[in-house]
file structure.txt (compact mmCIF, C-alpha atoms and all ligand atoms)
# COMPACT_ATOMS: atom_id res chain seq x y z
CA MET S 1 -14.07 21.01 -27.73
CA SER S 2 -15.84 18.92 -30.37
CA LEU S 3 -18.03 15.84 -30.07
CA SER S 4 -17.27 12.61 -31.95
CA ASP S 5 -19.93 10.84 -34.05
CA GLU S 6 -20.34 8.34 -31.22
CA GLU S 7 -20.88 11.10 -28.69
CA LEU S 8 -23.36 12.86 -30.98
CA GLU S 9 -25.38 9.63 -31.14
CA ARG S 10 -25.01 8.87 -27.46
CA TYR S 11 -26.24 12.31 -26.38
CA ALA S 12 -28.82 12.70 -29.16
CA ARG S 13 -31.74 13.06 -26.71
CA HIS S 14 -29.87 15.86 -24.97
CA ILE S 15 -28.76 17.59 -28.12
CA VAL S 16 -32.30 17.66 -29.55
CA LEU S 17 -33.37 19.78 -26.56
CA LEU S 18 -33.39 23.47 -27.47
CA GLN S 19 -32.00 24.34 -24.05
CA VAL S 20 -29.01 22.02 -24.49
CA GLY S 21 -28.11 21.52 -28.16
CA GLY S 22 -24.59 20.79 -29.32
CA ALA S 23 -23.28 23.86 -27.50
CA GLY S 24 -24.71 22.71 -24.16
CA GLN S 25 -23.39 19.19 -24.61
CA ARG S 26 -19.93 20.58 -25.31
CA LYS S 27 -20.16 22.65 -22.11
CA LEU S 28 -20.87 19.44 -20.19
CA LYS S 29 -17.93 17.71 -21.84
CA LYS S 30 -15.67 20.60 -20.90
CA ALA S 31 -16.91 20.65 -17.30
CA SER S 32 -15.07 19.28 -14.32
CA ILE S 33 -17.14 18.42 -11.23
CA ALA S 34 -15.98 17.25 -7.82
CA VAL S 35 -18.48 15.08 -5.96
CA ILE S 36 -17.92 14.80 -2.23
CA GLY S 37 -19.45 11.65 -0.84
CA ALA S 38 -20.27 8.50 -2.78
CA GLY S 39 -23.12 7.76 -0.39
CA GLY S 40 -26.85 8.04 -0.87
CA ILE S 41 -26.71 11.39 -2.66
CA GLY S 42 -23.62 10.44 -4.66
CA SER S 43 -25.25 7.17 -5.70
CA ALA S 44 -27.86 9.16 -7.60
CA ALA S 45 -25.79 12.16 -8.64
CA ILE S 46 -22.68 10.35 -9.91
CA PRO S 47 -24.44 8.10 -12.48
CA ALA S 48 -26.58 11.05 -13.65
CA LEU S 49 -23.53 13.25 -14.23
CA ALA S 50 -21.54 10.48 -15.90
CA ALA S 51 -24.42 9.51 -18.17
CA ALA S 52 -24.98 13.17 -19.05
CA GLY S 53 -21.43 13.41 -20.36
CA VAL S 54 -19.75 15.63 -17.77
CA GLY S 55 -16.15 15.40 -18.97
CA ARG S 56 -14.32 15.13 -15.68
CA LEU S 57 -15.50 13.78 -12.36
CA THR S 58 -13.53 13.64 -9.14
CA ILE S 59 -15.11 11.39 -6.50
CA ILE S 60 -13.96 12.05 -2.95
CA ASP S 61 -14.93 9.59 -0.21
CA SER S 62 -12.84 8.01 2.53
CA ASP S 63 -15.34 5.29 3.49
CA VAL S 64 -15.74 1.64 2.64
CA VAL S 65 -19.08 0.02 1.85
CA GLU S 66 -21.09 -1.27 4.78
CA LEU S 67 -24.19 -3.43 4.74
CA THR S 68 -26.23 -0.57 6.26
CA ASN S 69 -25.40 1.61 3.20
CA LEU S 70 -27.06 -0.64 0.66
CA HIS S 71 -30.66 0.52 1.18
CA ARG S 72 -29.75 3.94 -0.23
CA GLN S 73 -26.56 3.42 -2.21
CA PRO S 74 -27.33 1.38 -5.34
CA LEU S 75 -23.87 2.14 -6.74
CA PHE S 76 -22.74 -0.79 -4.60
CA SER S 77 -23.68 -4.44 -4.26
CA GLU S 78 -23.49 -6.94 -1.42
CA ALA S 79 -20.17 -8.22 -2.71
CA ASP S 80 -18.68 -4.72 -2.28
CA ALA S 81 -18.85 -4.72 1.52
CA GLY S 82 -15.51 -3.57 2.94
CA LYS S 83 -14.29 -2.08 -0.35
CA PRO S 84 -13.57 1.66 -0.85
CA LYS S 85 -16.51 3.64 -2.20
CA ALA S 86 -14.46 6.14 -4.22
CA GLN S 87 -12.81 3.40 -6.28
CA LEU S 88 -16.06 1.45 -6.74
CA ALA S 89 -17.92 4.57 -7.86
CA ALA S 90 -15.12 5.42 -10.29
CA ALA S 91 -15.24 1.90 -11.74
CA PHE S 92 -19.00 2.31 -12.18
CA VAL S 93 -18.47 5.56 -14.10
CA GLU S 94 -15.81 3.98 -16.33
CA GLN S 95 -18.19 1.18 -17.24
CA LEU S 96 -21.06 3.58 -17.84
CA ASN S 97 -19.34 6.15 -20.06
CA GLN S 98 -15.93 5.85 -21.68
CA PHE S 99 -15.96 9.59 -22.45
CA VAL S 100 -15.80 10.59 -18.78
CA HIS S 101 -12.43 10.96 -17.08
CA VAL S 102 -12.92 9.95 -13.48
CA ALA S 103 -10.51 10.37 -10.57
CA PRO S 104 -11.27 8.61 -7.28
CA LYS S 105 -9.83 10.11 -4.09
CA GLN S 106 -10.07 7.90 -1.05
CA GLU S 107 -9.58 10.74 1.38
CA ARG S 108 -11.57 12.51 4.06
CA ILE S 109 -11.95 16.12 3.03
CA THR S 110 -10.99 18.56 5.80
CA SER S 111 -10.21 22.26 6.12
CA GLU S 112 -6.54 21.31 5.64
CA ASN S 113 -6.88 19.58 2.27
CA ALA S 114 -10.17 20.92 0.83
CA ALA S 115 -8.70 23.74 -1.27
CA GLU S 116 -6.08 21.45 -2.75
CA LEU S 117 -8.63 18.72 -3.58
CA LEU S 118 -11.19 21.11 -5.09
CA ALA S 119 -8.93 23.49 -7.05
CA GLY S 120 -9.41 23.34 -10.80
CA HIS S 121 -13.03 22.16 -10.76
CA ASP S 122 -15.90 24.12 -12.29
CA LEU S 123 -18.43 23.00 -9.69
CA VAL S 124 -18.55 21.08 -6.43
CA ILE S 125 -21.40 18.87 -5.29
CA ASP S 126 -21.30 18.24 -1.58
CA GLY S 127 -23.26 15.12 -0.66
CA SER S 128 -21.40 14.49 2.57
CA ASP S 129 -23.18 13.61 5.79
CA ASN S 130 -21.66 15.93 8.40
CA PHE S 131 -21.26 19.63 9.10
CA ALA S 132 -17.50 19.60 9.58
CA THR S 133 -17.08 18.43 5.98
CA ARG S 134 -19.79 20.73 4.62
CA LEU S 135 -18.26 23.80 6.24
CA ALA S 136 -14.73 22.89 5.14
CA VAL S 137 -15.98 22.40 1.58
CA ASN S 138 -17.85 25.69 1.73
CA GLU S 139 -14.81 27.63 2.94
CA ALA S 140 -12.66 26.18 0.16
CA SER S 141 -15.34 26.82 -2.49
CA VAL S 142 -15.64 30.46 -1.42
CA GLU S 143 -11.86 30.86 -1.39
CA LEU S 144 -11.51 29.30 -4.85
CA GLY S 145 -14.64 30.96 -6.29
CA ILE S 146 -16.13 27.59 -7.29
CA PRO S 147 -19.94 27.19 -7.33
CA LEU S 148 -21.14 24.78 -4.65
CA VAL S 149 -24.23 22.60 -4.84
CA SER S 150 -24.88 21.51 -1.28
CA ALA S 151 -27.22 18.54 -0.86
CA ALA S 152 -28.40 16.82 2.29
CA ALA S 153 -31.04 14.28 3.30
CA VAL S 154 -32.04 13.00 6.71
CA GLN S 155 -35.14 11.10 7.81
CA PHE S 156 -37.80 12.46 5.39
CA GLN S 157 -36.24 15.91 4.81
CA GLY S 158 -34.07 16.82 1.87
CA GLN S 159 -32.43 20.07 0.80
CA VAL S 160 -30.40 21.22 -2.16
CA GLY S 161 -28.93 24.70 -2.58
CA LEU S 162 -26.60 26.49 -4.97
CA PHE S 163 -24.00 28.86 -3.55
CA ARG S 164 -21.44 30.90 -5.45
CA SER S 165 -19.10 32.98 -3.27
CA ARG S 166 -21.91 35.09 -1.74
CA PRO S 167 -24.21 34.04 -0.22
CA CYS S 168 -22.41 30.90 0.87
CA TYR S 169 -23.45 27.76 2.74
CA ARG S 170 -22.33 29.29 6.04
CA CYS S 171 -24.64 32.28 5.44
CA PHE S 172 -27.40 29.62 5.39
CA VAL S 173 -26.47 27.52 8.44
CA GLY S 174 -24.56 30.04 10.56
CA ASP S 175 -21.89 29.11 13.08
CA ALA S 176 -23.85 26.76 15.34
CA PHE S 177 -22.63 23.57 13.72
CA ASP S 178 -18.86 23.95 13.86
CA ALA S 179 -18.52 21.86 16.97
CA GLU S 180 -20.66 19.05 15.58
CA ASP S 181 -19.52 16.18 13.50
CA CYS S 182 -22.74 14.26 13.36
CA ASP S 183 -23.42 11.39 11.05
CA ASN S 184 -27.09 12.13 10.53
CA CYS S 185 -27.85 9.01 8.54
CA ALA S 186 -26.34 6.72 11.14
CA GLU S 187 -28.08 8.37 14.08
CA LEU S 188 -31.42 9.42 12.69
CA GLY S 189 -32.12 7.20 9.70
CA VAL S 190 -33.04 8.24 6.21
CA LEU S 191 -35.40 6.91 3.59
CA GLY S 192 -33.33 5.48 0.73
CA ALA S 193 -35.57 6.84 -2.01
CA LEU S 194 -35.28 10.32 -0.46
CA THR S 195 -31.49 10.41 -0.87
CA ALA S 196 -32.00 9.33 -4.49
CA THR S 197 -34.48 12.19 -5.05
CA VAL S 198 -32.10 14.72 -3.52
CA GLY S 199 -29.08 13.34 -5.39
CA SER S 200 -30.91 13.46 -8.73
CA PHE S 201 -32.04 17.01 -8.00
CA ALA S 202 -28.44 18.02 -7.20
CA ALA S 203 -27.30 16.55 -10.53
CA LEU S 204 -30.07 18.38 -12.41
CA LEU S 205 -29.26 21.68 -10.71
CA SER S 206 -25.57 21.20 -11.53
CA ILE S 207 -26.22 20.35 -15.18
CA ASN S 208 -28.61 23.31 -15.57
CA SER S 209 -26.06 25.60 -13.97
CA ILE S 210 -23.24 24.46 -16.26
CA VAL S 211 -25.31 24.56 -19.45
CA GLY S 212 -27.12 27.77 -18.45
CA ILE S 213 -30.66 26.37 -18.36
CA GLY S 214 -33.42 28.20 -16.50
CA GLU S 215 -33.10 30.94 -13.93
CA ASP S 216 -29.92 31.31 -11.91
CA GLN S 217 -30.53 29.40 -8.67
CA LEU S 218 -27.85 31.24 -6.70
CA GLY S 219 -28.74 31.55 -3.03
CA ARG S 220 -31.88 29.42 -3.30
CA VAL S 221 -32.32 26.34 -1.16
CA HIS S 222 -34.88 23.81 -2.33
CA ILE S 223 -36.40 21.89 0.55
CA PHE S 224 -38.25 18.64 0.03
CA ASP S 225 -40.58 16.97 2.49
CA GLY S 226 -40.63 13.26 1.79
CA GLU S 227 -43.84 12.75 3.75
CA THR S 228 -46.05 15.45 2.22
CA LEU S 229 -44.01 15.28 -1.03
CA ASP S 230 -43.93 19.09 -1.17
CA TRP S 231 -41.01 21.16 -2.45
CA ARG S 232 -40.51 24.70 -1.22
CA VAL S 233 -37.81 27.27 -1.94
CA ILE S 234 -36.15 29.65 0.46
CA ARG S 235 -33.84 32.47 -0.58
CA ILE S 236 -30.71 32.90 1.48
CA PRO S 237 -29.47 36.47 1.95
CA ALA S 238 -25.73 37.06 2.18
CA ASP S 239 -24.72 37.50 5.83
CA PRO S 240 -22.44 40.58 6.07
CA GLY S 241 -20.82 39.05 9.17
CA CYS S 242 -20.34 35.60 7.61
CA ARG S 243 -16.99 34.10 8.62
CA ALA S 244 -16.57 32.50 5.19
CA CYS S 245 -17.74 35.10 2.69
CA GLY S 246 -18.52 38.29 4.64
CA SER S 247 -16.54 41.49 4.01
CA ALA S 248 -13.90 39.46 2.20
ZN ZN V 301 -21.29 33.34 3.70

call {"tool": "encode", "arguments": {"input": "structure.txt", "output": "structure tokens"}}
result
Amino acid sequence: MSLSDEELERYARHIVLLQVGGAGQRKLKKASIAVIGAGGIGSAAIPALAAAGVGRLTIIDSDVVELTNLHRQPLFSEADAGKPKAQLAAAFVEQLNQFVHVAPKQERITSENAAELLAGHDLVIDGSDNFATRLAVNEASVELGIPLVSAAAVQFQGQVGLFRSRPCYRCFVGDAFDAEDCDNCAELGVLGALTATVGSFAALLSINSIVGIGEDQLGRVHIFDGETLDWRVIRIPADPGCRACGSA
């Protein structure tokens, strides 16, 4: 997969980096990423991935824009209220970078359709806001063997982790959340700039993972405290009894 003269110029500040170079930029062009949720996390991650030259983006979100989204979702403007987020985010990507193929899916991802929606991607970023979606996405990612970057932000707490088959996201959170379908942001509030921090971090982690920059982050969850501004890292061991990835 080669880069045109226009792409070489466009990505010049990437390509000059020793860790990226032309080979890394071609890996990004070849990559296909599914982003679940065009909300606060997606609003930061989607533009970063599109600008970076990720070749294919699938944006999955069933919601329409509401006024209460705007403090953390700068992908959208006041005039977008009532319009579907997936389509708006895809239009944003098309305007930003003609070299990105973007596919909007205005669907709610569930355990019934997750495998079908995610098949064929090289990486999944889950920026959804509820455990039912996160666990369905995790199960499908494990089944398909697709690396999962799981990102979440609520109040002043953010977390981003990379999972690839084992350990998986369920090894991290266990089975306590299956019955819940909580919309954290709606109930608890979240600082808009925190979701942007977490979304940008998820994009960086994804890009590094695809290009092969830095240490493998598999099984590490990065936790950010938006009040103290501290990051810390926890390592997640594989749970032998995990319902998603254990003894499979
Ligand atoms: Zn697991």

call {"tool": "closest_atom_pairs", "arguments": {"input": "structure.txt", "of": "chain S", "to": "ligand ZN 301 (chain V)", "cutoff": "8 Å", "atoms": "only C-alpha atoms and all ligand atoms", "output": "CSV"}}
result
residue,atom,partner,partner_atom,distance
S:Ser165,CA,V:ZN301,ZN,7.3
S:Arg166,CA,V:ZN301,ZN,5.7
S:Pro167,CA,V:ZN301,ZN,4.9
S:Cys168,CA,V:ZN301,ZN,3.9
S:Tyr169,CA,V:ZN301,ZN,6.1
S:Arg170,CA,V:ZN301,ZN,4.8
S:Cys171,CA,V:ZN301,ZN,3.9
S:Phe172,CA,V:ZN301,ZN,7.4
S:Ala238,CA,V:ZN301,ZN,6.0
S:Asp239,CA,V:ZN301,ZN,5.8
S:Pro240,CA,V:ZN301,ZN,7.7
S:Gly241,CA,V:ZN301,ZN,7.9
S:Cys242,CA,V:ZN301,ZN,4.6
S:Arg243,CA,V:ZN301,ZN,6.6
S:Ala244,CA,V:ZN301,ZN,5.0
S:Cys245,CA,V:ZN301,ZN,4.1
S:Gly246,CA,V:ZN301,ZN,5.7

call {"tool": "residues_around", "arguments": {"input": "structure.txt", "residues": "Ser62 (chain S)", "least_positions_apart": "4", "cutoff": "6 Å", "atoms": "only C-alpha atoms", "output": "PyMOL selection string"}}
result
chain S and resi 106-108

call {"tool": "residues_around", "arguments": {"input": "structure.txt", "residues": "region 72-87 of chain S", "least_positions_apart": "2", "cutoff": "12 Å", "atoms": "all atoms listed in the file", "output": "JSON, numbers by chain"}}
result
{"S": [34, 35, 36, 37, 38, 39, 40, 41, 42, 43, 44, 45, 46, 47, 48, 57, 58, 59, 60, 61, 62, 63, 64, 65, 66, 67, 68, 69, 70, 89, 90, 91, 92, 93, 94, 95, 96, 102, 103, 104, 105, 106, 107, 108, 153, 154, 185, 189, 190, 191, 192, 193, 194, 195, 196, 197, 198, 199]}

call {"tool": "atom_distance", "arguments": {"input": "structure.txt", "atom1": "CA of Glu9 (chain S)", "atom2": "CA of Ile33 (chain S)"}}
result
23.3 Å

call {"tool": "residues_around", "arguments": {"input": "structure.txt", "residues": "Phe163 (chain S)", "least_positions_apart": "3", "cutoff": "6 Å", "atoms": "only C-alpha atoms", "output": "list in words"}}
result
Pro147, Leu148, Cys168, Leu218 and Gly219 of chain S

call {"tool": "closest_residue", "arguments": {"input": "structure.txt", "among": "S:Ala51, S:Gln159, S:Ser141, S:Lys27", "to": "Asp230 (chain S)", "atoms": "only C-alpha atoms"}}
result
S:Gln159

call {"tool": "residues_near_point", "arguments": {"input": "structure.txt", "point": "(-15.5, 7.5, -26.1)", "cutoff": "7 Å", "atoms": "only C-alpha atoms", "output": "PDB file with C-alpha atoms, in the frame of the given file"}}
result
ATOM      1  CA  GLU S   7     -20.880  11.100 -28.690  1.00  0.00           C
ATOM      2  CA  GLN S  98     -15.930   5.850 -21.680  1.00  0.00           C
ATOM      3  CA  PHE S  99     -15.960   9.590 -22.450  1.00  0.00           C
TER       4      PHE S  99
END

call {"tool": "residues_near_point", "arguments": {"input": "structure.txt", "point": "(-12.3, 19.5, -8.4)", "cutoff": "7 Å", "atoms": "all atoms listed in the file", "output": "list in words"}}
result
Ser32, Ile33, Ala34, Thr58, Leu117, Leu118, Ala119, Gly120, His121 and Val124 of chain S

call {"tool": "write_last_selection", "arguments": {"input": "structure.txt", "atoms": "C-alpha atoms", "output": "mmCIF file, in the coordinates of the input"}}
result
data_model
loop_
_atom_site.group_PDB
_atom_site.id
_atom_site.type_symbol
_atom_site.label_atom_id
_atom_site.label_comp_id
_atom_site.auth_asym_id
_atom_site.auth_seq_id
_atom_site.Cartn_x
_atom_site.Cartn_y
_atom_site.Cartn_z
ATOM 1 C CA SER S 32 -15.070 19.280 -14.320
ATOM 2 C CA ILE S 33 -17.140 18.420 -11.230
ATOM 3 C CA ALA S 34 -15.980 17.250 -7.820
ATOM 4 C CA THR S 58 -13.530 13.640 -9.140
ATOM 5 C CA LEU S 117 -8.630 18.720 -3.580
ATOM 6 C CA LEU S 118 -11.190 21.110 -5.090
ATOM 7 C CA ALA S 119 -8.930 23.490 -7.050
ATOM 8 C CA GLY S 120 -9.410 23.340 -10.800
ATOM 9 C CA HIS S 121 -13.030 22.160 -10.760
ATOM 10 C CA VAL S 124 -18.550 21.080 -6.430
#

call {"tool": "atom_distance", "arguments": {"input": "structure.txt", "atom1": "CA of Glu139 (chain S)", "atom2": "CA of Ala115 (chain S)"}}
result
8.4 Å

call {"tool": "atom_distance", "arguments": {"input": "structure.txt", "atom1": "CA of Gln217 (chain S)", "atom2": "CA of Arg235 (chain S)"}}
result
9.3 Å

call {"tool": "closest_residue", "arguments": {"input": "structure.txt", "among": "S:Asn208, S:Ala136, S:Asn97, S:Ile125", "to": "Glu112 (chain S)", "atoms": "all atoms listed in the file"}}
result
S:Ala136

call {"tool": "closest_residue", "arguments": {"input": "structure.txt", "among": "S:Met1, S:Ala50, S:Ile15, S:Ile109", "to": "Ala203 (chain S)", "atoms": "all atoms listed in the file"}}
result
S:Ala50

call {"tool": "closest_residue", "arguments": {"input": "structure.txt", "among": "S:His101, S:Asp178, S:Val149, S:Asn113", "to": "Leu135 (chain S)", "atoms": "all atoms listed in the file"}}
result
S:Asp178

call {"tool": "residues_around", "arguments": {"input": "structure.txt", "residues": "Val20 (chain S)", "least_positions_apart": "6", "cutoff": "10 Å", "atoms": "all atoms listed in the file", "output": "PyMOL selection string"}}
result
chain S and resi 13-14+26-28+207-208+211-213

call {"tool": "axis_aligned_box", "arguments": {"input": "structure.txt", "around": "region 40-56 of chain S", "padding_each_side": "4 Å", "output": "JSON"}}
result
{"center_x": -21.1, "center_y": 11.4, "center_z": -10.6, "size_x": 21.5, "size_y": 16.5, "size_z": 27.5}

call {"tool": "closest_residue", "arguments": {"input": "structure.txt", "among": "S:Gly53, S:Gly158, S:Gly214, S:Gly174", "to": "Ile236 (chain S)", "atoms": "only C-alpha atoms"}}
result
S:Gly174
